[in-house]
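Reviewing the structure listed below.
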Amino acid sequence: RLWVHEMSRVFSDRLINDADRETFKGLLNNELERKFNVGWDRLFRDQGGHCPPFGDFMREMAGDKKAPYEEMSDPVALKKYMEDKLEDYNMEPGNSAMDLVLFRDAIEHVCRLRRVITMPRGHSMLVGVGGSGRQSLGKLTAYA
């Protein structure tokens with residue numbers, strides 16, 4: 001699952017349309033079957049055929065220990081974590097309150113952004129129409 005997740009982040013996140021993403025998913029499925037003897041549908045059956053997000057930010061670690069980069073398979077706990085961080089952000093003095101609806105895609109975008117900005121020299125360009133939440137999700141990611 002981690003391999004599929006990383007391949008998706010490295011390649012699929014750069015694709016610009018659904019047809020290209022579906023082609024990529026087909027290629028990835030072929031490699032899964034060839035190298036790991038398991039197909040996409042069987043691998044992600046418990047997730048409704050959807051690759052879950054991965055991250056290292058939900059687990060609190062003592063001292064200077066770094067949390068493991070792991071699958072976040074509980075969407076309810078992940079949403080609660082994001083909502084708590086959003087509420088904390090909104091309570092900070094000097095921050096303008098953000099009224100965000102954290103649906104699955106928004107939460108996954110935060111997870112992707114978090115992965116990128118915590119990498120050495122990590123960077124990302126957020127592209128979208130005005131009012132789509134780029135700036136707000138970027139602020140939440142940096143705060144979380």
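Going by the structure tokens order, chains are called A, B, ..., each with residues numbered from 1, while ligands are numbered from 1 in the order shown.
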
Within 12 Å of stretch 79-84 of chain A, which residues of stretch 7-60 of chain A come that close, and what is the closest atom pair and distance in Å for each? Count only C-alpha atoms and give it as CSV.
residue,atom,partner,partner_atom,distance
A:Pro53,CA,A:Lys79,CA,11.7
A:Phe57,CA,A:Tyr81,CA,9.6
A:Met58,CA,A:Tyr81,CA,7.3
A:Arg59,CA,A:Tyr81,CA,10.4
A:Glu60,CA,A:Tyr81,CA,11.9

From the list A:Val76, A:Leu27, A:Met91, A:Val129, the nearest residue to A:Ile107 using only C-alpha atoms is A:Val76

For A:Glu70, which residue out of A:Asn90, A:Val38, A:Gly122, A:Arg115 is the nearest one, using only C-alpha atoms?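 Nearest to A:Glu70: A:Arg115.
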
Please give the complete set of residues from chain A that DSSP, run on the backbone, assigns to strand (DSSP E or B), formatted as a list in words.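 Taking chain A and keeping strand (DSSP E or B) gives Phe54, Gly55, Glu70 and Glu71 of chain A.
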
Looking only at helix (DSSP H, G or I) from DSSP on the backbone, list the matching residues of stretch 8-128 of chain A as a ChimeraX atom specification. /A:8-10,12-14,18-36,40-43,45-47,75-91,104-117

Rank nothing, just name the residue among A:Trp40, A:Tyr143, A:Tyr69, A:Phe103 nearest to A:Glu87, using only C-alpha atoms.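 For A:Glu87, the nearest of the given residues is A:Tyr143.
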
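Shortest atom-to-atom contact with A:Asp99 among A:Asn30, A:Ser136, A:Ser8, A:Ser73: A:Ser136, counting only C-alpha atoms.
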